[in-house]
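S.K.: Take a look at entry13.txt, compact mmCIF, C-alpha atoms and all ligand atoms:
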```txt
# COMPACT_ATOMS: atom_id res chain seq x y z
CA MET A 18 0.00 0.00 0.00
CA HIS A 19 3.04 2.24 0.17
CA GLY A 20 5.23 3.42 -2.65
CA ALA A 21 8.48 1.58 -2.29
CA LEU A 22 11.05 4.28 -1.98
CA GLY A 23 14.40 2.50 -2.20
CA SER A 24 16.32 2.23 1.02
CA ALA A 25 19.39 3.70 -0.62
CA ALA A 26 17.35 6.69 -1.73
CA LEU A 27 15.96 7.12 1.76
CA ALA A 28 19.40 6.84 3.30
CA LEU A 29 20.67 9.48 0.92
CA LEU A 30 17.71 11.69 1.67
CA GLY A 31 18.40 11.25 5.36
CA ALA A 32 22.04 12.12 4.90
CA ALA A 33 21.13 15.20 2.88
CA LEU A 34 18.69 16.38 5.52
CA CYS A 35 21.26 15.81 8.25
CA ALA A 36 23.82 17.82 6.37
CA ALA A 37 21.42 20.60 5.47
CA GLN A 38 20.07 21.47 8.87
CA PRO A 39 20.89 20.98 12.50
CA ARG A 40 19.35 17.77 13.60
CA GLY A 41 19.56 15.96 16.86
CA ARG A 42 17.66 13.31 18.66
CA ILE A 43 16.80 13.47 22.33
CA LEU A 44 18.67 16.68 22.05
CA GLY A 45 19.67 18.04 25.42
CA GLY A 46 18.60 14.83 27.13
CA ARG A 47 20.37 12.62 29.61
CA GLU A 48 21.29 8.99 29.78
CA ALA A 49 18.35 6.97 31.01
CA GLY A 50 18.54 4.75 34.05
CA ALA A 51 19.47 1.32 32.71
CA HIS A 52 16.29 -0.69 32.04
CA ALA A 53 14.15 1.88 33.83
CA ARG A 54 11.88 2.03 30.76
CA PRO A 55 11.26 -1.68 30.16
CA TYR A 56 8.67 -0.93 27.44
CA MET A 57 11.28 0.71 25.19
CA ALA A 58 12.02 -1.11 21.96
CA SER A 59 14.60 -0.51 19.27
CA VAL A 60 13.05 -1.19 15.87
CA GLN A 61 15.78 -2.49 13.59
CA VAL A 62 16.09 -3.08 9.88
CA ASN A 63 18.81 -5.47 8.81
CA GLY A 64 20.33 -5.23 12.26
CA THR A 65 20.48 -1.43 12.39
CA HIS A 66 18.46 0.75 14.75
CA VAL A 67 16.02 2.82 12.73
CA CYS A 68 13.38 3.88 15.24
CA GLY A 69 12.08 3.59 18.74
CA GLY A 70 8.96 1.70 19.72
CA ALA A 71 6.95 0.68 22.75
CA LEU A 72 5.90 -2.76 23.87
CA VAL A 73 2.12 -2.58 24.38
CA THR A 74 1.37 -6.28 24.91
CA GLU A 75 3.69 -9.25 25.04
CA GLN A 76 3.19 -9.67 21.30
CA TRP A 77 2.92 -6.16 19.88
CA VAL A 78 5.19 -3.14 19.56
CA LEU A 79 3.80 0.28 18.67
CA SER A 80 5.95 2.51 16.46
CA ALA A 81 5.68 4.94 13.53
CA ALA A 82 4.71 3.96 9.98
CA HIS A 83 7.39 6.01 8.28
CA CYS A 84 10.05 3.98 10.03
CA LEU A 85 9.41 1.00 7.78
CA GLU A 86 8.30 2.40 4.50
CA ASP A 87 11.19 0.91 2.66
CA ALA A 88 11.65 -2.35 4.52
CA VAL A 89 10.03 -5.74 4.13
CA VAL A 90 8.93 -7.65 7.19
CA ASP A 91 11.76 -10.23 6.97
CA GLU A 92 14.30 -7.45 7.47
CA VAL A 93 12.60 -6.06 10.56
CA GLN A 94 13.45 -7.07 14.09
CA VAL A 95 12.71 -5.64 17.50
CA LEU A 96 15.26 -5.40 20.28
CA LEU A 97 13.79 -5.56 23.79
CA GLY A 98 15.41 -5.37 27.21
CA ALA A 99 18.23 -3.15 26.00
CA HIS A 100 20.02 -0.19 27.49
CA SER A 101 23.12 -0.30 25.29
CA LEU A 102 22.47 -1.19 21.66
CA SER A 103 25.89 -2.79 21.19
CA ARG A 104 26.95 -4.35 24.47
CA PRO A 105 25.87 -7.74 25.68
CA GLU A 106 23.20 -7.47 28.38
CA PRO A 107 21.48 -10.48 29.92
CA SER A 108 18.01 -8.99 29.47
CA LYS A 109 18.52 -8.11 25.81
CA ARG A 110 16.87 -10.08 23.05
CA LEU A 111 16.19 -9.56 19.39
CA TYR A 112 12.77 -10.70 18.16
CA ASN A 113 11.67 -11.43 14.64
CA VAL A 114 8.51 -9.82 13.40
CA SER A 115 5.70 -11.81 11.85
CA ARG A 116 3.52 -8.89 10.81
CA ALA A 117 4.04 -5.18 10.28
CA VAL A 118 0.73 -3.31 10.17
CA LEU A 119 0.96 0.26 8.94
CA HIS A 120 -1.95 2.54 9.65
CA PRO A 121 -3.99 2.30 6.42
CA ASP A 122 -4.11 6.09 6.01
CA SER A 123 -0.41 6.73 6.59
CA ARG A 124 1.35 8.28 3.61
CA VAL A 125 4.99 9.09 2.90
CA ASP A 126 4.29 12.75 2.36
CA THR A 127 2.29 13.57 5.48
CA ILE A 128 2.80 13.35 9.21
CA ASP A 129 -0.80 12.19 9.70
CA HIS A 130 -1.66 8.67 10.91
CA ASP A 131 2.03 7.84 11.34
CA LEU A 132 1.49 4.63 13.28
CA LEU A 133 2.81 1.10 12.96
CA LEU A 134 2.12 -2.06 14.90
CA LEU A 135 4.65 -4.88 14.80
CA GLN A 136 3.65 -8.35 15.85
CA LEU A 137 6.54 -10.32 17.29
CA SER A 138 6.95 -13.84 15.93
CA GLU A 139 6.76 -15.11 19.50
CA ASN A 140 5.66 -13.58 22.77
CA ALA A 141 8.28 -11.44 24.46
CA SER A 142 9.69 -13.00 27.56
CA LEU A 143 8.76 -10.52 30.24
CA GLY A 144 10.85 -9.55 33.25
CA PRO A 145 12.07 -6.46 35.09
CA ALA A 146 13.72 -5.17 31.88
CA VAL A 147 10.91 -6.13 29.47
CA ARG A 148 7.39 -5.06 30.32
CA PRO A 149 4.48 -3.64 28.28
CA LEU A 150 3.17 -0.16 29.08
CA LEU A 151 -0.43 0.98 29.13
CA TRP A 152 -1.53 3.35 26.39
CA GLN A 153 -4.18 6.03 26.70
CA GLN A 154 -7.61 4.98 25.51
CA GLU A 155 -9.58 7.98 26.68
CA ASP A 156 -9.65 10.44 23.83
CA ARG A 157 -8.96 13.83 25.34
CA ASP A 158 -6.05 16.24 25.15
CA VAL A 159 -3.26 16.11 27.69
CA ALA A 160 -3.25 19.41 29.60
CA PRO A 161 -0.72 21.93 28.28
CA GLY A 162 2.32 22.10 30.54
CA THR A 163 2.08 18.44 31.55
CA LEU A 164 5.59 17.01 31.73
CA CYS A 165 6.07 13.95 29.55
CA ASP A 166 8.95 11.57 29.11
CA VAL A 167 10.47 10.66 25.77
CA ALA A 168 13.39 8.30 25.29
CA GLY A 169 15.41 7.08 22.35
CA TRP A 170 18.68 5.91 20.87
CA GLY A 171 18.81 8.62 18.20
CA VAL A 172 21.61 11.08 17.61
CA THR A 173 22.17 13.43 20.53
CA THR A 174 24.07 16.41 19.20
CA HIS A 175 23.95 18.62 16.17
CA ALA A 176 27.28 17.08 15.19
CA GLY A 177 25.46 13.79 14.88
CA HIS A 178 26.88 11.79 17.75
CA ARG A 179 24.89 8.57 17.98
CA PRO A 180 24.59 7.29 21.51
CA ASP A 181 24.76 3.62 22.23
CA ARG A 182 22.77 3.90 25.41
CA LEU A 183 19.18 4.99 25.84
CA MET A 184 18.73 8.72 26.40
CA TYR A 185 15.67 10.55 27.65
CA ALA A 186 14.22 14.01 28.06
CA VAL A 187 11.27 15.46 29.94
CA LEU A 188 9.21 17.81 27.80
CA PRO A 189 6.20 20.02 28.58
CA VAL A 190 3.11 19.56 26.41
CA LEU A 191 2.40 22.60 24.26
CA ASP A 192 -1.21 23.58 23.57
CA ARG A 193 -2.45 22.90 20.05
CA ALA A 194 -3.48 26.48 19.32
CA THR A 195 0.03 27.76 19.97
CA CYS A 196 1.55 24.87 18.06
CA ASN A 197 -0.66 25.75 15.10
CA LEU A 198 0.41 29.39 14.97
CA ARG A 199 1.85 30.43 11.66
CA ARG A 200 5.36 30.79 13.05
CA TYR A 201 5.19 27.32 14.59
CA HIS A 202 3.49 24.53 12.63
CA ASP A 203 1.00 26.72 10.80
CA GLY A 204 -2.18 24.69 11.11
CA ALA A 205 -0.62 21.26 10.52
CA ILE A 206 -1.51 19.95 13.97
CA THR A 207 -4.82 18.12 13.74
CA GLU A 208 -6.78 16.89 16.74
CA ARG A 209 -5.09 13.55 16.29
CA LEU A 210 -1.67 15.10 16.93
CA MET A 211 -0.13 16.81 19.93
CA CYS A 212 2.94 18.96 20.48
CA ALA A 213 5.64 19.16 23.10
CA GLU A 214 8.12 21.97 23.56
CA SER A 215 11.40 21.75 21.71
CA ASN A 216 13.41 24.46 23.40
CA ARG A 217 16.93 22.92 23.44
CA ARG A 218 15.52 19.63 24.73
CA ASP A 219 13.73 17.68 22.02
CA SER A 220 13.09 14.39 20.34
CA CYS A 221 14.09 13.93 16.73
CA LYS A 222 14.09 11.50 13.86
CA GLY A 223 16.12 8.66 15.37
CA ASP A 224 13.62 8.71 18.20
CA SER A 225 10.66 8.39 15.85
CA GLY A 226 8.23 5.68 16.79
CA GLY A 227 9.16 5.98 20.45
CA PRO A 228 6.47 6.69 23.03
CA LEU A 229 5.67 10.01 24.68
CA VAL A 230 4.79 8.92 28.21
CA CYS A 231 2.76 11.22 30.45
CA GLY A 232 1.82 10.13 33.95
CA GLY A 233 3.09 6.62 33.26
CA VAL A 234 0.85 6.08 30.23
CA ILE A 235 1.69 6.27 26.52
CA GLU A 236 -0.06 9.35 25.12
CA GLY A 237 1.87 9.90 21.93
CA VAL A 238 4.23 8.39 19.38
CA VAL A 239 7.13 10.46 18.04
CA THR A 240 6.28 11.24 14.40
CA SER A 241 8.88 10.56 11.79
CA GLY A 242 8.47 13.45 9.39
CA SER A 243 11.58 15.53 8.76
CA ARG A 244 11.71 18.45 11.09
CA VAL A 245 14.30 20.78 12.53
CA CYS A 246 14.97 19.60 16.09
CA GLY A 247 15.75 21.61 19.19
CA ASN A 248 14.31 24.77 17.67
CA ARG A 249 11.76 26.41 19.96
CA LYS A 250 9.59 27.40 16.99
CA LYS A 251 9.34 23.86 15.68
CA PRO A 252 7.78 21.92 18.56
CA GLY A 253 7.96 18.14 18.55
CA ILE A 254 4.93 16.48 16.96
CA TYR A 255 3.42 13.32 18.41
CA THR A 256 0.58 11.11 17.18
CA ARG A 257 -2.10 10.84 19.89
CA VAL A 258 -2.68 7.16 20.48
CA ALA A 259 -6.08 7.76 22.08
CA SER A 260 -7.30 9.06 18.76
CA TYR A 261 -6.59 5.64 17.23
CA VAL A 262 -8.16 3.35 19.83
CA ASP A 263 -10.33 1.53 17.27
CA TRP A 264 -7.47 0.77 14.90
CA ILE A 265 -5.06 -0.24 17.65
CA GLN A 266 -7.57 -2.44 19.42
CA SER A 267 -8.76 -4.17 16.27
CA THR A 268 -5.18 -4.78 15.16
CA LEU A 269 -4.17 -6.19 18.53
CA ALA A 270 -7.29 -8.35 18.53
CA ASP A 271 -5.82 -9.79 15.38
CA VAL A 272 -8.88 -10.61 13.38
CA VAL A 273 -6.86 -11.72 10.35
CA GLY A 274 -4.47 -14.63 10.32
CA ASN A 275 -2.10 -15.75 13.05
C1 LIG B 301 18.45 -5.52 3.91
O1 LIG B 301 19.41 -6.44 3.45
C2 LIG B 301 19.05 -7.07 2.23
C3 LIG B 301 20.06 -8.14 1.93
O2 LIG B 301 21.36 -7.66 2.11
C4 LIG B 301 18.98 -5.99 1.15
O3 LIG B 301 18.62 -6.55 -0.09
C5 LIG B 301 17.94 -4.96 1.55
O4 LIG B 301 17.90 -3.90 0.62
C6 LIG B 301 18.24 -4.40 2.92
N1 LIG B 301 17.12 -3.59 3.30
C7 LIG B 301 17.22 -2.36 3.77
C8 LIG B 301 15.94 -1.65 4.07
O5 LIG B 301 18.30 -1.82 3.95
C1 LIG B 302 14.53 -15.01 12.87
O1 LIG B 302 14.46 -15.12 11.46
C2 LIG B 302 15.64 -15.63 10.88
C3 LIG B 302 15.49 -15.55 9.38
O2 LIG B 302 14.20 -15.93 8.97
C4 LIG B 302 15.85 -17.05 11.38
O3 LIG B 302 17.02 -17.58 10.82
C5 LIG B 302 15.98 -17.01 12.89
O4 LIG B 302 16.09 -18.32 13.41
C6 LIG B 302 14.77 -16.35 13.51
N1 LIG B 302 15.01 -16.16 14.93
C7 LIG B 302 14.11 -16.46 15.84
C8 LIG B 302 14.52 -16.24 17.25
O5 LIG B 302 13.01 -16.87 15.56
C1 LIG B 303 1.02 -14.90 23.66
O1 LIG B 303 0.34 -14.11 24.58
C2 LIG B 303 -1.04 -13.99 24.37
C3 LIG B 303 -1.59 -13.03 25.38
O2 LIG B 303 -0.95 -11.81 25.28
C4 LIG B 303 -1.69 -15.34 24.50
O3 LIG B 303 -3.04 -15.26 24.21
C5 LIG B 303 -1.01 -16.31 23.52
O4 LIG B 303 -1.51 -17.59 23.71
C6 LIG B 303 0.48 -16.30 23.71
N1 LIG B 303 1.08 -17.09 22.67
C7 LIG B 303 2.01 -17.98 22.92
C8 LIG B 303 2.55 -18.69 21.72
O5 LIG B 303 2.41 -18.21 24.05
```
Would you give me this structure, written as structure tokens?
Ligand SMILES: *[C@@H]1O[C@H](CO)[C@@H](O)[C@H](O)[C@H]1NC(C)=O
Ligand SMILES: *[C@@H]1O[C@H](CO)[C@@H](O)[C@H](O)[C@H]1NC(C)=O
Ligand SMILES: *[C@@H]1O[C@H](CO)[C@@H](O)[C@H](O)[C@H]1NC(C)=O
M.R.:
Amino acid sequence: MHGALGSAALALLGAALCAAQPRGRILGGREAGAHARPYMASVQVNGTHVCGGALVTEQWVLSAAHCLEDAVVDEVQVLLGAHSLSRPEPSKRLYNVSRAVLHPDSRVDTIDHDLLLLQLSENASLGPAVRPLLWQQEDRDVAPGTLCDVAGWGVTTHAGHRPDRLMYAVLPVLDRATCNLRRYHDGAITERLMCAESNRRDSCKGDSGGPLVCGGVIEGVVTSGSRVCGNRKKPGIYTRVASYVDWIQSTLADVVGN
């Protein structure tokens, strides 16, 4: 259902964007407590981290559709129980994926409906370092100013340093009206999206697909559109999971196959 943009082309596009503008990921964040976010997943293509994700049941990981546009399901794996991407850790395990379900309305050229559900080929083995997190099912906006937690393995500095260990930042929710001002996102923020401040601390593309956690519950998913990061006037954009309850629930209920 998606145009297959070659991975090489995407990589080049990514490189060009990186070179053209300051980009960072969990910019201004700090190293997370090891395994303190046991729902965090690294979504990998051919063994390389491409995006974050969140374990929502023992079989399903929630992420962003744009993360996978160019990959086929055989190339996709999910790393759970990790703090460091490279070092051996007893709790770490790579899972194959049996199904990748993109939101049917997601499109390469928009930030809307940027959701992905990955079904692991076997149930995750749960423990202190691997644990699903609840996601918000009540469809109402998170109050502006609420502090939310975002974590990821993306690049951390404008120079492009890629951390090996999970980083996190705490970001205040920004009200939609402000986020939609012309000098910010100029009307692009629908009711199915939310914004968080991006003043020095921010999430960015390598963190795409990762959860925005407010009050211990997943409220948003980091969108994967290209965006300047760490610029106060370009707040982070997150897909509101509560706006997609029907799609998420019906996908998890797994009416087709399996
Ligand atoms: C993954 O690796 C296979 C085999 O080397 C290659 O054909 C494919 O293009 C790679 N996919 C991506 C998305 O890099
Ligand atoms: C994952 O998939 C690969 C390739 O299909 C296979 O060789 C490997 O055994 C699978 N791993 C697990 C844990 O299922
Ligand atoms: C995986 O977990 C689900 C519940 O989340 C359960 O219904 C199912 O039987 C489990 N599958 C296996 C293979 O253990």
S.K.: Show me which residues are within 8 Å of ligand LIG 303 (chain B) counting all atoms listed in the file, and format the list as a ChimeraX atom specification.
M.R.: /A:74-76,139-140
S.K.: Nearest to ligand LIG 301 (chain B) among A:Arg116, A:Arg124, A:His52, A:His66, with distances taken over only C-alpha atoms and all ligand atoms: which residue is it?
M.R.: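 Looking at the shortest contact to ligand LIG 301 (chain B), the residue is A:His66.
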S.K.: Quick one: pull the distance between CA of Ala82 (chain A) and atom N1 of ligand LIG 301 (chain B), Å, one decimal.
M.R.: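 Pair CA of Ala82 (chain A) / atom N1 of ligand LIG 301 (chain B) returns 16.0 Å.
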S.K.: Find, counting all atoms listed in the file, the residue in A:Val73, A:Val147, A:Cys212, A:Ala88 that gets nearest to ligand LIG 301 (chain B).
M.R.: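 Of A:Val73, A:Val147, A:Cys212, A:Ala88, the one nearest ligand LIG 301 (chain B), counting all atoms listed in the file, is A:Ala88.
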S.K.: When you count all atoms listed in the file, which of these residues is closest to Asp166 (chain A): A:Pro105, A:Gly232, A:Gly223, A:Pro149?
M.R.: A:Gly232
S.K.: Name each residue within 10 Å of ligand LIG 302 (chain B), counting all atoms listed in the file, as a PyMOL selection string.
M.R.: chain A and resi 90-94+110-115+137-139
S.K.: Around the point (7.2, 3.5, 22.7) (coordinates from the file), which residues reach within 7 Å if we count only C-alpha atoms? Answer as a PyMOL selection string.
M.R.: chain A and resi 56-58+69-72+79-80+226-229+238
S.K.: Those residues you just picked out, can you put them in a file as a CSV table (one decimal), keeping the file's coordinate frame with C-alpha atoms?
M.R.:
```csv
chain,number,residue,atom,x,y,z
A,56,TYR,CA,8.7,-0.9,27.4
A,57,MET,CA,11.3,0.7,25.2
A,58,ALA,CA,12.0,-1.1,22.0
A,69,GLY,CA,12.1,3.6,18.7
A,70,GLY,CA,9.0,1.7,19.7
A,71,ALA,CA,7.0,0.7,22.8
A,72,LEU,CA,5.9,-2.8,23.9
A,79,LEU,CA,3.8,0.3,18.7
A,80,SER,CA,6.0,2.5,16.5
A,226,GLY,CA,8.2,5.7,16.8
A,227,GLY,CA,9.2,6.0,20.4
A,228,PRO,CA,6.5,6.7,23.0
A,229,LEU,CA,5.7,10.0,24.7
A,238,VAL,CA,4.2,8.4,19.4
```
S.K.: Give me, as a ChimeraX atom specification, all polymer residues having an atom no more than 8 Å from Trp152 (chain A), counting only C-alpha atoms and skipping those fewer than 3 positions away in the same chain.
M.R.: /A:73,234-236,258-259
S.K.: When distances are computed from all atoms listed in the file, which of A:Gly64, A:Gly204, A:Gly46, A:Pro180 shows the smallest separation from ligand LIG 301 (chain B)?
M.R.: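 Smallest distance to ligand LIG 301 (chain B) is found for A:Gly64.
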S.K.: Which residues of region 196-225 of chain A sit at most 6 Å from region 243-256 of chain A, using only C-alpha atoms? Give each one's shortest atom pair and distance in Å (one decimal place), in chain and ascending residue order, as a tab-separated table.
M.R.:
```
residue	atom	partner	partner_atom	distance
A:Tyr201	CA	A:Lys250	CA	5.0
A:Leu210	CA	A:Thr256	CA	4.6
A:Met211	CA	A:Tyr255	CA	5.2
A:Cys212	CA	A:Ile254	CA	4.7
A:Ala213	CA	A:Gly253	CA	5.2
A:Glu214	CA	A:Pro252	CA	5.0
A:Ser215	CA	A:Pro252	CA	4.8
A:Asn216	CA	A:Arg249	CA	4.3
A:Arg217	CA	A:Gly247	CA	4.6
A:Arg218	CA	A:Gly247	CA	5.9
A:Asp219	CA	A:Gly247	CA	5.2
A:Cys221	CA	A:Cys246	CA	5.8
```
S.K.: If I take CA of Gly162 (chain A) and CA of Leu191 (chain A), how far is one from the other in Å, to one decimal?
M.R.: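 It comes out at 6.3 Å.
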S.K.: Can you work out the spacing between CA of Glu106 (chain A) and CA of Leu183 (chain A) in Å, to one decimal?
M.R.: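 So the answer is 13.3 Å.
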S.K.: Name the closest residue to ligand LIG 301 (chain B) among the candidates A:Cys68, A:Leu134, A:Val89, A:Ala49; distances are taken between atoms, counting all atoms listed in the file.
M.R.: A:Val89
S.K.: Which residue, A:Cys196, A:Leu269, A:Ala117, A:Cys84, has the smallest gap to ligand LIG 301 (chain B) when you use only C-alpha atoms and all ligand atoms?
M.R.: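 Looking at the shortest contact to ligand LIG 301 (chain B), the residue is A:Cys84.
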